[in-house]
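**Student:** final.cif is reproduced below (mmCIF, C-alpha atoms).
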```
data_model
loop_
_atom_site.label_atom_id
_atom_site.label_comp_id
_atom_site.auth_asym_id
_atom_site.auth_seq_id
_atom_site.Cartn_x
_atom_site.Cartn_y
_atom_site.Cartn_z
CA MET A 1 21.42 -1.61 15.28
CA GLN A 2 23.18 1.47 13.89
CA LYS A 3 21.27 3.03 11.02
CA LYS A 4 23.04 3.55 7.67
CA LEU A 5 22.48 6.85 5.88
CA LEU A 6 23.66 7.50 2.34
CA ILE A 7 24.28 11.19 1.64
CA VAL A 8 24.50 12.02 -2.07
CA GLU A 9 25.66 15.62 -2.43
CA ASP A 10 27.65 17.13 -5.32
CA ASN A 11 28.89 20.14 -3.34
CA SER A 12 31.94 18.79 -1.49
CA ARG A 13 31.79 21.40 1.28
CA VAL A 14 28.10 20.80 1.92
CA LEU A 15 28.69 17.03 1.82
CA GLU A 16 31.24 17.24 4.63
CA ILE A 17 29.03 19.54 6.70
CA LEU A 18 26.05 17.20 6.36
CA ALA A 19 28.13 14.09 7.02
CA PHE A 20 29.61 15.63 10.18
CA ALA A 21 26.34 16.99 11.58
CA VAL A 22 24.26 13.90 10.83
CA GLY A 23 27.05 11.51 11.88
CA ARG A 24 27.14 13.10 15.33
CA GLU A 25 23.63 11.71 15.89
CA GLY A 26 25.05 8.17 15.86
CA TYR A 27 24.28 7.20 12.26
CA HIS A 28 26.73 5.37 10.01
CA ILE A 29 27.35 7.77 7.12
CA ILE A 30 28.04 6.70 3.54
CA ARG A 31 29.18 9.53 1.25
CA ALA A 32 28.70 10.00 -2.48
CA SER A 33 29.72 13.14 -4.39
CA ASP A 34 27.81 12.34 -7.61
CA GLY A 35 24.71 10.50 -8.71
CA LYS A 36 26.37 7.50 -10.34
CA THR A 37 28.39 6.77 -7.20
CA GLY A 38 25.28 7.28 -5.08
CA LEU A 39 23.31 4.81 -7.19
CA ARG A 40 26.06 2.19 -6.93
CA LEU A 41 26.39 2.61 -3.16
CA ALA A 42 22.62 2.43 -2.73
CA GLN A 43 22.65 -0.94 -4.48
CA GLU A 44 25.68 -2.24 -2.57
CA GLN A 45 25.00 -0.89 0.92
CA ALA A 46 21.16 -0.97 1.19
CA PRO A 47 21.01 2.20 3.33
CA ASP A 48 18.14 2.80 5.73
CA LEU A 49 17.67 6.29 4.25
CA ILE A 50 19.09 8.31 1.35
CA VAL A 51 19.64 12.06 1.64
CA LEU A 52 19.80 13.38 -1.92
CA ASP A 53 20.92 16.77 -3.27
CA LEU A 54 22.32 16.93 -6.83
CA THR A 55 22.18 20.34 -8.49
CA GLN A 56 25.62 20.87 -10.00
CA THR A 57 26.19 17.58 -11.83
CA GLU A 58 24.42 15.11 -14.07
CA PRO A 59 22.47 12.94 -13.52
CA ASN A 60 20.48 15.24 -11.24
CA SER A 61 18.30 14.34 -8.26
CA VAL A 62 15.20 13.59 -10.33
CA ASP A 63 17.13 11.31 -12.70
CA ILE A 64 18.69 9.43 -9.78
CA CYS A 65 15.30 8.95 -8.15
CA ARG A 66 14.04 7.37 -11.35
CA SER A 67 17.13 5.15 -11.52
CA LEU A 68 16.64 4.07 -7.90
CA HIS A 69 13.07 3.12 -8.69
CA GLU A 70 14.12 1.16 -11.78
CA ALA A 71 16.76 -0.66 -9.69
CA LYS A 72 14.00 -1.61 -7.20
CA ILE A 73 15.80 0.10 -4.32
CA GLU A 74 13.25 0.62 -1.56
CA SER A 75 15.24 2.89 0.78
CA PRO A 76 13.21 6.02 1.61
CA ILE A 77 14.61 9.22 0.13
CA LEU A 78 14.86 12.66 1.71
CA LEU A 79 15.28 15.11 -1.14
CA LEU A 80 16.80 18.54 -0.55
CA ILE A 81 15.07 20.82 -3.04
CA ALA A 82 15.44 24.42 -4.16
CA SER A 83 11.93 24.74 -5.59
CA GLU A 84 8.55 23.01 -5.57
CA HIS A 85 9.04 22.25 -9.27
CA GLN A 86 11.47 19.45 -8.38
CA GLU A 87 8.89 17.90 -6.09
CA GLU A 88 6.25 17.99 -8.83
CA GLU A 89 8.59 16.12 -11.20
CA LEU A 90 8.79 13.24 -8.72
CA SER A 91 5.08 12.87 -8.09
CA ASP A 92 4.73 10.00 -10.57
CA ILE A 93 7.64 7.93 -9.24
CA GLY A 94 6.69 4.96 -7.06
CA LEU A 95 9.18 5.69 -4.29
CA ARG A 96 8.87 6.87 -0.70
CA ILE A 97 10.18 10.38 -1.25
CA ASP A 98 10.02 13.17 1.29
CA SER A 99 11.44 16.61 0.63
CA ILE A 100 12.74 19.58 2.54
CA GLN A 101 13.08 22.95 0.87
CA LYS A 102 16.24 25.01 1.10
CA PRO A 103 17.25 26.88 3.11
CA PHE A 104 16.58 24.72 6.16
CA SER A 105 17.97 24.45 9.66
CA MET A 106 20.10 21.49 10.67
CA LYS A 107 17.62 20.81 13.47
CA GLU A 108 14.81 20.51 10.92
CA LEU A 109 16.88 18.20 8.72
CA LEU A 110 17.72 15.90 11.63
CA MET A 111 14.08 15.71 12.62
CA ARG A 112 13.01 14.83 9.06
CA ILE A 113 15.67 12.12 8.98
CA LYS A 114 14.33 10.74 12.25
CA VAL A 115 10.80 10.75 10.82
CA GLY A 116 11.96 8.89 7.71
CA LEU A 117 13.77 6.23 9.73
CA TRP A 118 10.84 5.87 12.11
CA ASP A 119 8.46 5.30 9.20
CA THR A 120 10.85 2.67 7.84
CA ASP A 121 10.94 0.84 11.17
CA ILE A 122 7.15 0.82 11.31
CA SER A 123 6.89 -0.61 7.79
CA ARG A 124 9.40 -3.34 8.63
CA GLY A 125 7.53 -4.35 11.76
CA ALA A 126 9.74 -2.66 14.34
CA GLY A 127 6.68 -0.67 15.37
CA GLU A 128 5.21 -3.80 16.90
CA GLU A 129 7.35 -3.22 19.98
CA GLU A 130 5.84 -1.93 23.21
CA CYS A 131 3.98 1.31 22.71
CA LEU A 132 2.39 3.41 25.44
CA THR A 133 -0.57 5.28 23.96
CA PHE A 134 -2.42 8.13 25.65
CA GLY A 135 -4.90 9.79 23.31
CA ARG A 136 -2.85 11.58 20.67
CA ILE A 137 0.45 10.87 22.43
CA ALA A 138 2.40 7.65 21.80
CA ILE A 139 5.65 6.64 23.50
CA TYR A 140 7.98 4.01 22.02
CA PRO A 141 10.46 3.13 24.81
CA GLY A 142 12.56 0.90 22.54
CA GLN A 143 13.32 3.85 20.26
CA ALA A 144 13.19 6.62 22.87
CA LEU A 145 10.59 8.17 20.59
CA VAL A 146 7.46 10.19 21.36
CA THR A 147 4.85 11.12 18.77
CA LYS A 148 1.81 13.35 18.78
CA ASP A 149 -0.76 12.72 16.06
CA ALA A 150 1.78 10.26 14.57
CA SER A 151 4.45 12.97 14.17
CA PRO A 152 7.69 12.65 16.21
CA LEU A 153 8.32 15.27 18.89
CA ASP A 154 11.74 16.83 19.37
CA LEU A 155 12.28 16.16 23.10
CA THR A 156 15.49 16.44 25.06
CA GLN A 157 16.69 13.36 26.92
CA ARG A 158 15.47 14.77 30.25
CA GLU A 159 12.07 15.70 28.83
CA TYR A 160 11.68 12.21 27.40
CA GLU A 161 12.68 10.56 30.70
CA LEU A 162 10.25 12.74 32.63
CA LEU A 163 7.36 11.97 30.27
CA LEU A 164 8.10 8.24 30.37
CA PHE A 165 8.24 8.32 34.19
CA PHE A 166 4.79 9.95 34.27
CA ALA A 167 3.37 7.57 31.66
CA LYS A 168 4.29 4.47 33.63
CA GLU A 169 1.85 5.53 36.34
CA PRO A 170 -0.85 7.69 34.74
CA GLY A 171 -3.27 9.29 37.14
CA LYS A 172 -0.82 9.36 40.03
CA VAL A 173 0.16 12.66 41.62
CA PHE A 174 3.93 13.07 42.01
CA SER A 175 5.52 15.66 44.25
CA ARG A 176 8.51 17.62 42.94
CA GLU A 177 10.72 15.73 45.36
CA GLU A 178 9.52 12.37 44.02
CA LEU A 179 10.21 13.51 40.46
CA LEU A 180 13.70 14.66 41.39
CA THR A 181 14.44 11.26 42.89
CA GLY A 182 12.80 9.22 40.12
CA VAL A 183 13.99 11.16 37.06
CA TRP A 184 17.04 13.15 38.11
CA ASP A 185 18.15 10.34 40.41
CA TYR A 186 19.14 12.46 43.34
CA SER A 187 17.58 13.23 46.67
CA TYR A 188 15.77 16.42 47.53
CA LEU A 189 18.27 19.17 48.27
CA GLY A 190 15.87 22.03 48.75
CA ASP A 191 15.73 23.25 45.11
CA THR A 192 13.02 21.81 42.87
CA ARG A 193 13.23 24.44 40.12
CA ASN A 194 14.64 21.91 37.65
CA VAL A 195 11.35 20.03 37.81
CA ASP A 196 9.23 23.10 37.12
CA VAL A 197 11.46 24.28 34.25
CA THR A 198 11.49 20.86 32.55
CA ILE A 199 7.73 20.44 32.91
CA ARG A 200 7.17 23.90 31.41
CA ARG A 201 9.34 23.04 28.40
CA LEU A 202 7.70 19.65 28.02
CA ARG A 203 4.25 21.22 28.07
CA GLU A 204 5.31 23.59 25.28
CA LYS A 205 5.92 20.54 23.08
CA ILE A 206 3.06 18.20 23.95
CA GLU A 207 0.18 20.44 24.99
CA ASP A 208 -2.19 22.18 22.56
CA ILE A 209 -2.36 25.15 24.93
CA PRO A 210 0.69 25.06 27.25
CA SER A 211 -0.75 27.78 29.49
CA SER A 212 -3.81 25.60 30.07
CA PRO A 213 -2.32 22.07 30.21
CA SER A 214 -4.51 19.00 29.93
CA ILE A 215 -1.86 16.26 29.65
CA ILE A 216 0.39 17.17 32.58
CA ALA A 217 -1.75 18.99 35.11
CA THR A 218 -0.76 20.79 38.31
CA ARG A 219 -2.25 19.75 41.63
CA ARG A 220 -1.64 22.78 43.81
CA GLY A 221 0.10 21.93 47.03
CA HIS A 222 0.77 18.36 45.89
CA GLY A 223 2.69 18.31 42.58
CA TYR A 224 1.95 17.12 39.05
CA ILE A 225 -0.26 14.44 37.50
CA PHE A 226 -0.12 12.85 34.04
CA THR A 227 -3.62 12.45 32.67
CA GLY A 228 -2.67 11.44 29.10
#
```
Take the structure in the file and give it back as structure tokens.
**Tutor:**
Amino acid sequence: MQKKLLIVEDNSRVLEILAFAVGREGYHIIRASDGKTGLRLAQEQAPDLIVLDLTQTEPNSVDICRSLHEAKIESPILLLIASEHQEEELSDIGLRIDSIQKPFSMKELLMRIKVGLWDTDISRGAGEEECLTFGRIAIYPGQALVTKDASPLDLTQREYELLLFFAKEPGKVFSREELLTGVWDYSYLGDTRNVDVTIRRLREKIEDIPSSPSIIATRRGHGYIFTG
């Protein structure tokens, strides 16, 4: 089911930028350019997550968070803050509030949104789906999600597919040719560099020491093995 995100932002230019960038990830975007509209839409639409940034108008972000709590709205909130002082003001509010300090990269924002939605799914029971667990690594095939120490990893589609392929048969050594066929879905054509490059990038994200891998190990002369 498509996730609904409410973006409450009183800078019209920033609102459009956020709505465009976040909407490209497949979320249904609900826009609000002031706090009162945001509060009304939160009550009417029951969004899966609220992205909140009110600095130029009243009520501000802190006031709206208090109003959301009073209205018993349980949607998690991702607050865009300019200083730690804002975060301190919200410490006594009984809401699930995460924050990200400005300036931030769009990549970081999208990851924090994904974390917030993932936490929501877990709390609602969606986390009871199949989960492949290998030590500190967990793979949720239904969500195409991989976590390490309970924190989501930012994997590309190919990296995710490769890791899932390994995880379905842990302890088995796969040649580069077998990986090309199983993950890339094409026969060996004499060039297996794609496999090596993708494994190197995957190791950089899941290994503690990528230069000395313990999760995806190399078997010289044979290929790669997933030890978990």
**Student:** Considering only C-alpha atoms, return as a PyMOL selection string whatever protein or nucleic-acid residues lie within 9 Å of A:Thr133, sequence-local ones (same chain, fewer than 5 positions apart) excluded.
**Tutor:** chain A and resi 138-140+167+228
**Student:** Given the file above and the PyMOL selection byres ((chain A and resi 50) around 7), which residues are selected, and can you give them as a list in words?
**Tutor:** Leu5, Leu6, Ile7, Pro47, Leu49, Val51, Leu52, Ser75, Pro76, Ile77 and Leu78 of chain A
**Student:** Of the candidates A:Ala46, A:Leu110, A:Ala150, A:Val197, which one gets nearest to A:Ile30 if we count all atoms listed in the file?
**Tutor:**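 Of A:Ala46, A:Leu110, A:Ala150, A:Val197, the one nearest A:Ile30, counting all atoms listed in the file, is A:Ala46.
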**Student:** To one decimal place, how far is atom CA of A:Ser211 from atom CA of A:Lys168 in Å?
**Tutor:**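 Pair atom CA of A:Ser211 / atom CA of A:Lys168 returns 24.2 Å.
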**Student:** Name the residues captured by the PyMOL selection byres ((chain A and resi 227) around 12) when it is applied to the shown file; answer as a list in words.
**Tutor:**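 What the PyMOL selection byres ((chain A and resi 227) around 12) grabs from the file is Thr133, Phe134, Gly135, Ile137, Leu163, Phe166, Ala167, Lys168, Glu169, Pro170, Gly171, Lys172, Val173, Glu207, Pro213, Ser214, Ile215, Ile216, Ala217, Thr218, Arg219, Tyr224, Ile225, Phe226 and Gly228 of chain A.
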**Student:** Give me the residues near A:Gln157 as a PDB file with C-alpha atoms, in the frame of the given file, where near means some atom within 12 Å (using all atoms listed in the file) and where sequence neighbours in that chain fewer than 2 positions away do not count.
**Tutor:**
```
ATOM      1  CA  ALA A 144      13.190   6.620  22.870  1.00  0.00           C
ATOM      2  CA  LEU A 145      10.590   8.170  20.590  1.00  0.00           C
ATOM      3  CA  VAL A 146       7.460  10.190  21.360  1.00  0.00           C
ATOM      4  CA  LEU A 153       8.320  15.270  18.890  1.00  0.00           C
ATOM      5  CA  ASP A 154      11.740  16.830  19.370  1.00  0.00           C
ATOM      6  CA  LEU A 155      12.280  16.160  23.100  1.00  0.00           C
ATOM      7  CA  GLU A 159      12.070  15.700  28.830  1.00  0.00           C
ATOM      8  CA  TYR A 160      11.680  12.210  27.400  1.00  0.00           C
ATOM      9  CA  GLU A 161      12.680  10.560  30.700  1.00  0.00           C
ATOM     10  CA  LEU A 162      10.250  12.740  32.630  1.00  0.00           C
ATOM     11  CA  LEU A 163       7.360  11.970  30.270  1.00  0.00           C
ATOM     12  CA  LEU A 164       8.100   8.240  30.370  1.00  0.00           C
ATOM     13  CA  VAL A 183      13.990  11.160  37.060  1.00  0.00           C
ATOM     14  CA  TRP A 184      17.040  13.150  38.110  1.00  0.00           C
ATOM     15  CA  THR A 198      11.490  20.860  32.550  1.00  0.00           C
ATOM     16  CA  LEU A 202       7.700  19.650  28.020  1.00  0.00           C
TER      17      LEU A 202
END
```
**Student:** Between A:Lys114, A:Arg193, A:Arg136, A:His69, which has the minimum distance to A:Gly26 (counting only C-alpha atoms)?
**Tutor:**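 Nearest to A:Gly26: A:Lys114.
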**Student:** Nearest residue to A:Val62 out of A:Thr156, A:Ala32, A:Ile97, A:Glu177, using all atoms listed in the file?
**Tutor:**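 Looking only at the distances to A:Val62, the closest residue turns out to be A:Ile97.
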**Student:** List as a list in words the protein and nucleic acid residues near stretch 11-21 of chain A, meaning an atom at most 7 Å away when all atoms listed in the file are counted, but skip any in the same chain fewer than 3 places from it.
**Tutor:**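 Once the nearby chain positions are removed, what remains is Arg24, Ile29 and Ser33 of chain A.
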**Student:** Might you pull out every residue within 10 Å of A:Thr55, with all atoms listed in the file counted and same-chain residues fewer than 3 positions away left off, and present them as a PyMOL selection string?
**Tutor:** chain A and resi 9-11+34+52+58-62+80-82
**Student:** Mind giving me the axis-aligned box for stretch 207-212 of chain A with 3 Å on every side, centre plus edges in Å to one decimal, as JSON?
**Tutor:**
```
{"center_x": -1.6, "center_y": 24.1, "center_z": 26.3, "size_x": 10.5, "size_y": 13.3, "size_z": 13.5}
```
**Student:** Work out how far atom CA of A:Thr181 is from atom CA of A:Ile206, in Å to one decimal.
**Tutor:**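 Separation between atom CA of A:Ile206 and atom CA of A:Thr181: 23.2 Å.
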**Student:** Counting only C-alpha atoms, I want the residues whose atoms come within 10 Å of (18.9, 23.0, 0.9) in the file frame, returned as a count of residues only.
**Tutor:** 16
**Student:** Counting all atoms listed in the file, what is within 12 Å of A:Ile73, bar same-chain residues fewer than 3 positions away, as a list in words?
**Tutor:**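 Within the cut-off, the hits are Gly38, Leu39, Arg40, Leu41, Ala42, Gln43, Glu44, Gln45, Ala46, Pro47, Asp48, Leu49, Ile50, Ile64, Cys65, Arg66, Ser67, Leu68, His69, Glu70, Pro76, Ile77, Gly94, Leu95 and Arg96 of chain A.
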**Student:** How about saving the chosen residues, C-alpha atoms kept, as a PDB file, in the coordinates of the input?
**Tutor:**
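Written file, selection_17.pdb:
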```pdb
ATOM      1  CA  GLY A  38      25.280   7.280  -5.080  1.00  0.00           C
ATOM      2  CA  LEU A  39      23.310   4.810  -7.190  1.00  0.00           C
ATOM      3  CA  ARG A  40      26.060   2.190  -6.930  1.00  0.00           C
ATOM      4  CA  LEU A  41      26.390   2.610  -3.160  1.00  0.00           C
ATOM      5  CA  ALA A  42      22.620   2.430  -2.730  1.00  0.00           C
ATOM      6  CA  GLN A  43      22.650  -0.940  -4.480  1.00  0.00           C
ATOM      7  CA  GLU A  44      25.680  -2.240  -2.570  1.00  0.00           C
ATOM      8  CA  GLN A  45      25.000  -0.890   0.920  1.00  0.00           C
ATOM      9  CA  ALA A  46      21.160  -0.970   1.190  1.00  0.00           C
ATOM     10  CA  PRO A  47      21.010   2.200   3.330  1.00  0.00           C
ATOM     11  CA  ASP A  48      18.140   2.800   5.730  1.00  0.00           C
ATOM     12  CA  LEU A  49      17.670   6.290   4.250  1.00  0.00           C
ATOM     13  CA  ILE A  50      19.090   8.310   1.350  1.00  0.00           C
ATOM     14  CA  ILE A  64      18.690   9.430  -9.780  1.00  0.00           C
ATOM     15  CA  CYS A  65      15.300   8.950  -8.150  1.00  0.00           C
ATOM     16  CA  ARG A  66      14.040   7.370 -11.350  1.00  0.00           C
ATOM     17  CA  SER A  67      17.130   5.150 -11.520  1.00  0.00           C
ATOM     18  CA  LEU A  68      16.640   4.070  -7.900  1.00  0.00           C
ATOM     19  CA  HIS A  69      13.070   3.120  -8.690  1.00  0.00           C
ATOM     20  CA  GLU A  70      14.120   1.160 -11.780  1.00  0.00           C
ATOM     21  CA  PRO A  76      13.210   6.020   1.610  1.00  0.00           C
ATOM     22  CA  ILE A  77      14.610   9.220   0.130  1.00  0.00           C
ATOM     23  CA  GLY A  94       6.690   4.960  -7.060  1.00  0.00           C
ATOM     24  CA  LEU A  95       9.180   5.690  -4.290  1.00  0.00           C
ATOM     25  CA  ARG A  96       8.870   6.870  -0.700  1.00  0.00           C
TER      26      ARG A  96
END
```
**Student:** So how far away is atom CA of A:Glu25 from atom CA of A:Thr147, in Å?
**Tutor:**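 Between atom CA of A:Thr147 and atom CA of A:Glu25 the gap is 19.0 Å.
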